[in-house]
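S.K.: This is protein-v8.txt, which holds compact mmCIF, C-alpha atoms:
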# COMPACT_ATOMS: atom_id res chain seq x y z
CA MET L 402 86.64 138.64 96.99
CA SER L 403 83.62 137.12 98.76
CA ASN L 404 83.66 133.68 100.29
CA THR L 405 81.18 132.37 97.69
CA THR L 406 83.31 133.66 94.82
CA ALA L 407 86.43 132.06 96.29
CA ILE L 408 84.64 128.73 96.66
CA ASN L 409 83.35 128.90 93.07
CA LEU L 410 86.85 129.71 91.79
CA TYR L 411 88.31 126.82 93.79
CA ILE L 412 85.66 124.44 92.39
CA ALA L 413 86.35 125.60 88.83
CA ASN L 414 90.11 125.12 89.25
CA LEU L 415 89.61 121.70 90.81
CA ASN L 416 87.34 120.59 87.95
CA SER L 417 89.86 121.85 85.39
CA LEU L 418 92.72 120.03 87.14
CA GLN L 419 90.64 116.85 87.34
CA ASN L 420 89.79 116.99 83.65
CA ASN L 421 93.43 117.43 82.60
CA ILE L 422 94.70 114.66 84.89
CA LEU L 423 92.03 112.20 83.75
CA ARG L 424 92.40 113.03 80.04
CA TYR L 425 96.09 112.17 79.83
CA THR L 426 95.89 109.34 82.35
CA TYR L 427 93.10 107.56 80.47
CA ILE L 428 94.80 108.07 77.10
CA ILE L 429 97.94 106.42 78.51
CA ILE L 430 95.84 103.61 80.01
CA PHE L 431 94.02 103.12 76.69
CA ILE L 432 97.19 102.89 74.57
CA ALA L 433 99.37 100.98 77.05
CA GLY L 434 96.49 98.68 78.02
CA ASN L 435 95.70 97.64 74.44
CA ILE L 436 99.37 97.03 73.65
CA GLY L 437 99.85 95.04 76.86
CA CYS L 438 96.73 92.92 76.31
CA PHE L 439 97.72 92.20 72.70
CA LEU L 440 101.20 91.03 73.75
CA ASN L 441 99.77 89.04 76.67
CA ILE L 442 97.52 87.14 74.27
CA LEU L 443 100.41 86.41 71.89
CA ILE L 444 102.63 85.15 74.71
CA PHE L 445 100.09 83.09 76.66
CA THR L 446 98.84 81.34 73.51
CA ARG L 447 102.34 79.97 72.84
CA GLN L 448 102.92 76.27 73.35
CA ASN L 449 104.92 76.60 76.57
CA TYR L 450 102.03 78.41 78.25
CA ARG L 451 99.16 76.52 76.65
CA GLN L 452 100.26 73.46 78.61
CA LEU L 453 99.59 75.27 81.91
CA SER L 454 96.02 75.59 83.18
CA CYS L 455 96.85 78.91 84.88
CA SER L 456 97.41 80.51 81.47
CA TYR L 457 93.73 80.11 80.62
CA TYR L 458 92.65 82.22 83.61
CA ILE L 459 95.19 84.90 82.63
CA LEU L 460 93.90 84.86 79.04
CA ALA L 461 90.30 85.13 80.25
CA SER L 462 91.15 88.16 82.41
CA THR L 463 93.08 89.68 79.48
CA PHE L 464 90.12 89.43 77.10
CA ILE L 465 87.85 91.05 79.71
CA ASP L 466 90.53 93.72 80.19
CA LEU L 467 90.21 94.49 76.48
CA ILE L 468 86.44 94.95 76.82
CA LEU L 469 86.92 97.23 79.82
CA ILE L 470 89.63 99.31 78.13
CA ASN L 471 87.93 99.68 74.76
CA PHE L 472 84.50 100.52 76.15
CA ILE L 473 84.71 102.02 79.64
CA ILE L 474 88.07 103.77 79.24
CA LEU L 475 87.11 105.06 75.79
CA LEU L 476 83.92 106.58 77.22
CA ARG L 477 85.93 108.23 80.00
CA ILE L 478 88.38 109.68 77.45
CA LEU L 479 85.47 111.12 75.46
CA ASN L 480 84.06 112.58 78.66
CA THR L 481 87.24 114.63 79.20
CA PHE L 482 86.58 116.25 75.80
CA ASN L 483 82.97 117.06 76.85
CA ILE L 484 81.58 114.21 74.75
CA ASP L 485 79.45 111.94 76.92
CA PRO L 486 77.11 109.47 75.15
CA THR L 487 75.70 108.39 78.52
CA GLN L 488 74.00 111.81 78.81
CA THR L 489 71.90 111.21 75.69
CA SER L 490 71.59 107.43 75.34
CA LEU L 491 69.84 105.52 78.11
CA ILE L 492 71.09 102.20 76.70
CA ILE L 493 74.74 103.28 76.88
CA CYS L 494 74.10 104.71 80.35
CA LYS L 495 72.83 101.35 81.62
CA ILE L 496 75.36 99.20 79.74
CA ARG L 497 78.33 101.27 80.90
CA MET L 498 77.63 100.70 84.58
CA TYR L 499 76.84 97.03 84.03
CA ILE L 500 80.04 96.32 82.06
CA ALA L 501 82.19 98.34 84.48
CA GLN L 502 80.87 96.41 87.48
CA ALA L 503 80.76 92.92 85.95
CA ALA L 504 84.05 93.14 84.04
CA GLY L 505 85.93 94.67 86.96
CA VAL L 506 84.92 91.86 89.33
CA LEU L 507 85.39 89.08 86.75
CA ILE L 508 88.98 90.17 86.18
CA ARG L 509 89.60 89.89 89.93
CA ILE L 510 87.86 86.50 90.13
CA PHE L 511 90.10 85.08 87.40
CA ILE L 512 93.16 86.35 89.26
CA VAL L 513 91.89 84.49 92.34
CA LEU L 514 91.31 81.33 90.28
CA ALA L 515 94.84 81.64 88.90
CA CYS L 516 96.14 81.89 92.46
CA ILE L 517 94.13 78.82 93.52
CA ASP L 518 95.54 77.00 90.49
CA ARG L 519 99.10 77.87 91.60
CA TRP L 520 98.34 76.68 95.14
CA ALA L 521 97.00 73.37 93.79
CA MET L 522 100.00 72.99 91.47
CA THR L 523 102.48 73.37 94.34
CA SER L 524 100.56 71.08 96.67
CA ARG L 525 101.87 67.62 97.56
CA VAL L 526 98.29 66.30 97.75
CA VAL L 527 97.38 64.54 94.52
CA LYS L 528 93.67 65.38 94.76
CA ARG L 529 94.46 69.09 95.01
CA ARG L 530 96.75 68.95 92.00
CA ALA L 531 93.78 67.61 90.02
CA PHE L 532 92.51 71.22 90.00
CA THR L 533 95.30 72.02 87.50
CA ASN L 534 93.81 69.62 84.96
CA MET L 535 93.35 71.39 81.61
CA LYS L 536 89.64 70.59 81.60
CA ILE L 537 88.97 72.60 84.77
CA PRO L 538 89.51 76.15 83.38
CA LYS L 539 87.54 75.27 80.24
CA ILE L 540 84.55 74.52 82.49
CA LEU L 541 85.11 77.16 85.17
CA ILE L 542 85.72 80.20 82.94
CA PRO L 543 82.38 80.20 81.03
CA SER L 544 80.52 79.11 84.17
CA VAL L 545 81.91 82.00 86.24
CA ILE L 546 81.19 84.53 83.48
CA ILE L 547 77.57 83.41 83.09
CA ALA L 548 76.96 83.17 86.84
CA TYR L 549 78.35 86.59 87.74
CA CYS L 550 76.67 88.31 84.78
CA LEU L 551 73.37 86.96 86.09
CA ILE L 552 74.17 88.01 89.68
CA THR L 553 74.78 91.63 88.58
CA MET L 554 71.67 91.88 86.36
CA HIS L 555 70.19 94.27 88.94
CA VAL L 556 72.72 97.03 88.12
CA PRO L 557 71.14 98.49 84.91
CA PHE L 558 67.64 98.75 86.40
CA TYR L 559 68.60 101.56 88.78
CA GLN L 560 70.53 103.63 86.23
CA ASP L 561 68.82 106.60 84.59
CA ILE L 562 69.59 109.96 82.99
CA VAL L 563 68.70 112.84 85.33
CA ASN L 564 69.60 116.43 84.42
CA HIS L 565 71.88 115.15 81.65
CA ARG L 566 73.73 112.88 84.08
CA CYS L 567 73.80 109.08 84.12
CA ILE L 568 73.34 108.26 87.81
CA ILE L 569 71.81 105.78 90.24
CA THR L 570 68.33 107.10 90.97
CA SER L 571 67.71 105.31 94.29
CA THR L 572 69.50 106.38 97.47
CA ASN L 573 68.87 102.97 99.05
CA TYR L 574 70.33 101.21 96.03
CA THR L 575 73.36 103.53 96.11
CA THR L 576 74.04 102.36 99.67
CA PHE L 577 73.51 98.71 98.70
CA TYR L 578 75.67 99.01 95.55
CA ASN L 579 78.62 100.56 97.37
CA ILE L 580 78.45 98.04 100.22
CA PHE L 581 78.16 95.21 97.67
CA ASN L 582 81.17 96.53 95.74
CA ALA L 583 83.25 97.05 98.88
CA PHE L 584 82.34 93.62 100.23
CA ILE L 585 83.12 91.69 97.01
CA SER L 586 86.08 93.71 95.70
CA GLY L 587 87.44 94.96 98.99
CA LEU L 588 87.01 92.05 101.40
CA VAL L 589 86.15 88.69 99.80
CA ILE L 590 88.50 88.81 96.80
CA PRO L 591 91.54 90.31 98.62
CA MET L 592 91.10 87.81 101.49
CA LEU L 593 91.04 84.90 99.04
CA MET L 594 94.13 86.32 97.33
CA ILE L 595 96.00 86.67 100.61
CA ILE L 596 95.01 83.20 101.89
CA PHE L 597 95.94 81.30 98.72
CA SER L 598 99.07 83.39 98.17
CA LEU L 599 100.35 82.49 101.64
CA LEU L 600 99.46 78.84 101.08
CA THR L 601 101.29 78.88 97.73
CA VAL L 602 104.39 80.43 99.30
CA ARG L 603 104.33 77.77 102.02
CA ASN L 604 104.05 74.99 99.42
CA VAL L 605 106.91 76.43 97.39
CA ARG L 606 109.14 76.54 100.46
CA HIS L 607 108.36 72.90 101.18
CA LEU L 608 109.24 72.02 97.60
CA GLN L 609 112.48 73.98 97.75
CA GLN L 610 113.62 71.85 100.68
CA ARG L 611 113.67 68.88 98.31
CA VAL L 612 115.69 70.61 95.58
CA HIS L 613 119.06 69.31 96.76
CA ALA L 614 117.84 65.71 96.71
CA ARG L 615 116.39 66.20 93.22
CA VAL L 616 119.69 67.57 91.94
CA GLN L 617 121.53 64.52 93.25
CA ILE L 618 119.04 62.26 91.48
CA LEU L 619 119.60 64.15 88.22
CA VAL L 620 123.36 63.68 88.47
CA THR L 621 123.03 59.91 88.86
CA THR L 622 120.42 59.33 86.14
CA ASN L 623 121.27 57.44 82.96
CA VAL L 624 121.56 59.03 79.52
CA ASN L 625 117.98 58.33 78.47
CA GLU L 626 116.56 59.95 81.59
CA GLN L 627 118.79 62.97 81.07
CA THR L 628 117.23 63.61 77.67
CA VAL L 629 113.76 63.66 79.17
CA GLN L 630 114.41 65.45 82.46
CA PRO L 631 115.23 68.95 81.07
CA GLN L 632 111.75 69.12 79.55
CA ALA L 633 110.24 68.41 82.97
CA ILE L 634 112.54 71.00 84.53
CA ASN L 635 111.53 73.55 81.88
CA LYS L 636 107.82 72.94 82.58
CA LYS L 637 108.42 73.34 86.32
CA SER L 638 110.30 76.54 85.63
CA TYR L 639 107.28 77.98 83.81
CA ASP L 640 105.03 76.80 86.63
CA TYR L 641 107.07 78.55 89.32
CA GLN L 642 107.55 81.68 87.24
CA LEU L 643 103.80 81.91 86.72
CA SER L 644 103.26 81.47 90.45
CA PHE L 645 105.61 84.35 91.18
CA MET L 646 103.97 86.55 88.51
CA ILE L 647 100.52 85.93 89.97
CA LEU L 648 101.74 86.70 93.51
CA ILE L 649 103.22 90.03 92.39
CA GLN L 650 100.04 90.91 90.49
CA GLU L 651 97.94 90.20 93.58
CA CYS L 652 100.16 92.39 95.76
CA VAL L 653 99.80 95.28 93.30
CA TYR L 654 96.04 94.76 93.14
CA ILE L 655 95.55 94.70 96.92
CA ILE L 656 97.57 97.90 97.39
CA SER L 657 95.90 99.80 94.53
CA ASN L 658 92.45 98.58 95.61
CA LEU L 659 92.61 99.97 99.17
CA PRO L 660 91.54 103.55 98.26
CA PHE L 661 88.56 102.15 96.30
CA VAL L 662 87.42 100.09 99.30
CA VAL L 663 87.70 103.03 101.69
CA TYR L 664 85.84 105.31 99.30
CA SER L 665 83.06 102.74 98.71
CA PHE L 666 82.42 102.35 102.44
CA TYR L 667 82.50 106.14 102.87
CA ILE L 668 79.90 106.71 100.12
CA ALA L 669 77.73 103.91 101.48
CA ILE L 670 77.69 105.57 104.91
CA THR L 671 77.23 109.18 103.71
CA SER L 672 74.98 108.69 100.67
CA SER L 673 71.91 110.01 102.53
CA TRP L 674 73.69 113.03 104.02
CA SER L 675 73.09 116.58 102.86
CA LYS L 676 76.43 117.88 101.54
CA PRO L 677 77.57 121.34 100.41
CA ILE L 678 78.67 121.73 96.80
CA LEU L 679 82.35 122.06 97.76
CA GLN L 680 82.31 118.71 99.58
CA THR L 681 80.51 117.07 96.65
CA THR L 682 83.12 118.43 94.24
CA ILE L 683 85.99 117.13 96.37
CA GLU L 684 84.30 113.72 96.63
CA THR L 685 83.85 113.59 92.85
CA PHE L 686 87.49 114.54 92.34
CA SER L 687 88.60 111.82 94.77
CA MET L 688 86.32 109.24 93.16
CA ASN L 689 87.66 109.91 89.65
CA ILE L 690 91.30 109.71 90.77
CA ILE L 691 90.60 106.45 92.64
CA TYR L 692 88.88 104.93 89.59
CA ALA L 693 91.77 106.02 87.37
CA LEU L 694 94.16 104.23 89.74
CA LEU L 695 91.95 101.13 89.64
CA TYR L 696 91.77 101.11 85.82
CA LEU L 697 95.53 101.66 85.68
CA ASN L 698 95.91 98.42 87.62
CA PHE L 699 93.69 96.55 85.14
CA SER L 700 95.81 97.71 82.19
CA SER L 701 99.18 97.01 83.81
CA THR L 702 99.11 93.19 83.94
CA PHE L 703 101.54 92.73 81.03
CA TYR L 704 103.99 95.23 82.48
CA ILE L 705 103.85 93.62 85.93
CA TYR L 706 104.65 90.24 84.38
CA THR L 707 107.49 91.76 82.35
CA ILE L 708 109.10 93.29 85.43
CA ALA L 709 108.49 90.27 87.68
CA SER L 710 109.59 87.35 85.51
CA HIS L 711 112.86 86.67 83.71
CA THR L 712 111.22 83.81 81.78
CA PHE L 713 108.41 86.09 80.62
CA ARG L 714 110.95 88.71 79.44
CA LYS L 715 112.88 86.02 77.59
CA ASP L 716 109.72 84.82 75.83
CA LEU L 717 108.80 88.41 75.01
CA LYS L 718 112.20 89.00 73.37
CA GLN L 719 111.76 85.84 71.32
CA LEU L 720 108.26 86.93 70.34
CA LEU L 721 109.40 90.38 69.27
CA SER L 722 112.27 89.08 67.18
CA TYR L 723 111.63 90.45 63.68
CA ASN L 724 111.01 87.28 61.66
CA ARG L 725 109.05 85.54 64.40
CA PHE L 726 106.79 88.54 64.98
CA ARG L 727 106.10 88.93 61.25
CA SER L 728 105.25 85.24 60.94
CA ILE L 729 102.75 85.57 63.80
CA LEU L 730 101.13 88.65 62.30
CA PHE L 731 101.07 87.61 58.63
CA GLY L 732 101.15 83.82 58.83
CA ASN L 733 102.79 81.40 56.43
CA ARG L 734 102.36 83.73 53.47
CA GLN L 735 104.92 86.08 54.93
CA ASN L 736 107.27 83.17 55.60
CA ILE L 737 106.98 82.09 51.96
CA GLU L 738 107.75 85.65 50.85
CA ASP L 739 110.83 85.66 53.11
CA VAL L 740 111.98 82.34 51.65
CA SER L 741 111.43 83.56 48.10
CA PHE L 742 113.33 86.75 48.85
CA THR L 743 116.22 84.74 50.33
CA GLN L 744 116.31 82.46 47.29
CA ASP L 745 116.44 85.48 44.97
CA GLN L 746 119.39 86.80 46.95
CA ILE L 747 121.19 83.45 46.59
CA ARG L 748 120.60 83.41 42.81
CA MET L 749 121.92 86.97 42.47
CA ARG L 750 125.04 86.14 44.47
CA THR L 751 125.58 82.98 42.42
CA ARG L 752 125.34 84.93 39.16
CA THR L 753 127.72 87.59 40.48
CA ALA L 754 130.22 84.95 41.53
CA THR L 755 129.95 83.26 38.11
CA VAL L 756 130.60 86.51 36.26
CA ASN L 757 133.59 87.33 38.44
CA MET L 758 135.21 83.92 37.94
CA PRO L 759 138.49 84.08 35.96
Translate this structure into structure tokens?

M.R.:
Amino acid sequence: MSNTTAINLYIANLNSLQNNILRYTYIIIFIAGNIGCFLNILIFTRQNYRQLSCSYYILASTFIDLILINFIILLRILNTFNIDPTQTSLIICKIRMYIAQAAGVLIRIFIVLACIDRWAMTSRVVKRRAFTNMKIPKILIPSVIIAYCLITMHVPFYQDIVNHRCIITSTNYTTFYNIFNAFISGLVIPMLMIIFSLLTVRNVRHLQQRVHARVQILVTTNVNEQTVQPQAINKKSYDYQLSFMILIQECVYIISNLPFVVYSFYIAITSSWSKPILQTTIETFSMNIIYALLYLNFSSTFYIYTIASHTFRKDLKQLLSYNRFRSILFGNRQNIEDVSFTQDQIRMRTRTATVNMP
């Protein structure tokens, strides 16, 4: 067997392995991601969470997750079955890259804003705690979406279909795009996450030092104060649980994002190099696995929260209780049907008891 034949066989096997890995990975991401996003929306729109400003950032990231999963991931699944609309439609080719870039960064930005919100919530400075006002996310979320969508308007202009492939046509722009991605997603956002996570942990430790004094105050309060205080404690419990959930999510993101950052810098440096086909194939394989890992992180938010938080698991169990879940899905009509059904059962039992009376 010649060297060329061996290389071609190796490339064919690598492409086949890549296709099989990506097909099943993206199908799992698509199904698990949609289920997780749906449950996240149901949980974070409940009253206990609607009172917390942080929930709005999580909901915003969840809705963008849905767009990413049901457009980008769906296209990648189709690609594993040799169906690629980006090869024939220039509009889809341009939109795919734009949505992938904008949505991916917006999700990260909202995680950062959630972390800043948790830092402000745990701060002893009153002016900082003003950031947790419910009006803030309602202003920030649409503003951030509009601003970043405008910032990334340059992305579609350099996408084109060449030899039935949707690619960036400018080598200079490829370098710029990869450096831009690595700088925003690999340096700025992780640094903000790390800084505000450490500040939040420090604030929480300071607050924990006052727990003993607070407990003593609770013991000596009068009856009227005792009826009000558990509600405040419950709200604080949700606040701290959300803080912990966000911290865990950020840790997972930073770890899973490292390969993407390294790869982006590598491509930015080597984009103008002349590479043999074997090296190009290995780079493509690495890129697809790295992107799969990144998209897996985007679809795993619900599962991270479920593992990290006892309160979240408790709310999930309550949500998934049969009658409650049906009432959420079908509304009051279903509740009326349940009541009618129960009343019919009572009538039947009453009649049976009457007949059996001596």

S.K.: Would you compute the distance between atom CA of L:Val662 and atom CA of L:Ala583? Give it in Å to one decimal.

M.R.: 5.2 Å

S.K.: Near L:Pro660, counting all atoms listed in the file, which residues have an atom at most 12 Å away, once you skip same-chain residues fewer than 6 positions from it, shown as an MDAnalysis selection string?

M.R.: chainID L and resid 583 586:587 654 666:667 687:695

S.K.: For each of L:Gln560, L:Ile474, L:Ser417, L:Gln452, take the minimum atom-to-atom distance to L:Thr575, counting all atoms listed in the file, then give the residue where this is smallest.

M.R.: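 Using all atoms listed in the file, the shortest distance to L:Thr575 belongs to L:Gln560.
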
S.K.: Kindly indicate which residue among L:Thr523, L:Thr681, L:Lys676, L:Arg529 lies nearest to L:Arg606, using only C-alpha atoms for the distances.

M.R.: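 Ranked by minimum distance to L:Arg606, first place goes to L:Thr523.
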
S.K.: To one decimal place, how far is atom CA of L:Asn414 from atom CA of L:Thr426 in Å?

M.R.: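 About the pair atom CA of L:Asn414 and atom CA of L:Thr426: they are 18.2 Å apart.
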
S.K.: Nearest to L:Ile510 among L:Asn435, L:Ile484, L:Ile465, L:Leu476, with distances taken over all atoms listed in the file: which residue is it?

M.R.: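 Smallest separation from L:Ile510 among the options: L:Ile465.
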
S.K.: Might you pull out every residue within 10 Å of L:Val602, with all atoms listed in the file counted and same-chain residues fewer than 2 positions away left off, and present them as a list in words?

M.R.: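 Final neighbour list, sorted by chain and number: Arg519, Trp520, Thr523, Phe597, Ser598, Leu599, Leu600, Asn604, Val605, Arg606, His607, Leu608, Ser644, Phe645 and Leu648 of chain L.
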
S.K.: Give the answer as one residue: which of L:Asn658, L:Thr463, L:Thr576, L:Ser490 has the shortest atom-to-atom distance to L:Ser700, using only C-alpha atoms?

M.R.: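 That would be L:Thr463, the residue with the smallest distance to L:Ser700.
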
S.K.: Between L:Arg451, L:His555, L:Arg509, L:Arg424, which has the minimum distance to L:Glu651 (counting all atoms listed in the file)?

M.R.: L:Arg509

S.K.: Nearest to L:Leu507: which of L:Ile408, L:Leu720, L:Ile546, L:Met535 is it, counting only C-alpha atoms?

M.R.: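 Looking at the shortest contact to L:Leu507, the residue is L:Ile546.
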
S.K.: Set the distance at 12 Å and use all atoms listed in the file: which residues neighbour stretch 469-473 of chain L once local chain neighbours fewer than 4 positions away are removed? I'd like the list as number ranges by chain.

M.R.: L: 427-438, 462-465, 477-480, 485-487, 493-494, 496-508, 692-693, 695-701

S.K.: Just want the 12 Å neighbourhood of L:Ile537, counted on only C-alpha atoms, with same-chain residues fewer than 4 positions away dropped. Output as a list in words.

M.R.: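 Final neighbour list, sorted by chain and number: Leu453, Ser454, Cys455, Tyr457, Tyr458, Leu514, Ala515, Ile517, Asp518, Arg530, Ala531, Phe532, Thr533, Leu541, Ile542, Pro543, Ser544 and Val545 of chain L.
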
S.K.: Just write the chosen residues, C-alpha atoms, as an mmCIF file, in the coordinates of the input.

M.R.:
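As a result, out14.cif now contains:
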data_model
loop_
_atom_site.group_PDB
_atom_site.id
_atom_site.type_symbol
_atom_site.label_atom_id
_atom_site.label_comp_id
_atom_site.auth_asym_id
_atom_site.auth_seq_id
_atom_site.Cartn_x
_atom_site.Cartn_y
_atom_site.Cartn_z
ATOM 1 C CA LEU L 453 99.590 75.270 81.910
ATOM 2 C CA SER L 454 96.020 75.590 83.180
ATOM 3 C CA CYS L 455 96.850 78.910 84.880
ATOM 4 C CA TYR L 457 93.730 80.110 80.620
ATOM 5 C CA TYR L 458 92.650 82.220 83.610
ATOM 6 C CA LEU L 514 91.310 81.330 90.280
ATOM 7 C CA ALA L 515 94.840 81.640 88.900
ATOM 8 C CA ILE L 517 94.130 78.820 93.520
ATOM 9 C CA ASP L 518 95.540 77.000 90.490
ATOM 10 C CA ARG L 530 96.750 68.950 92.000
ATOM 11 C CA ALA L 531 93.780 67.610 90.020
ATOM 12 C CA PHE L 532 92.510 71.220 90.000
ATOM 13 C CA THR L 533 95.300 72.020 87.500
ATOM 14 C CA LEU L 541 85.110 77.160 85.170
ATOM 15 C CA ILE L 542 85.720 80.200 82.940
ATOM 16 C CA PRO L 543 82.380 80.200 81.030
ATOM 17 C CA SER L 544 80.520 79.110 84.170
ATOM 18 C CA VAL L 545 81.910 82.000 86.240
#

S.K.: Which residues are near L:Thr712? Cut-off 10 Å, only C-alpha atoms, ignore same chain within fewer than 6 positions. Put them as a ChimeraX atom specification.

M.R.: /L:638-639,642-643,706,718

S.K.: Quick one: residues within 6 Å of (69.4, 110.0, 81.8) (file frame), counting only C-alpha atoms, please, as a list in words.

M.R.: Gln488, Leu491, Asp561, Ile562, Val563, His565, Arg566 and Cys567 of chain L

S.K.: Which value, in Å to one decimal, gives the distance between atom CA of L:Ala407 and atom CA of L:Tyr664?

M.R.: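 Between atom CA of L:Ala407 and atom CA of L:Tyr664 the gap is 26.9 Å.
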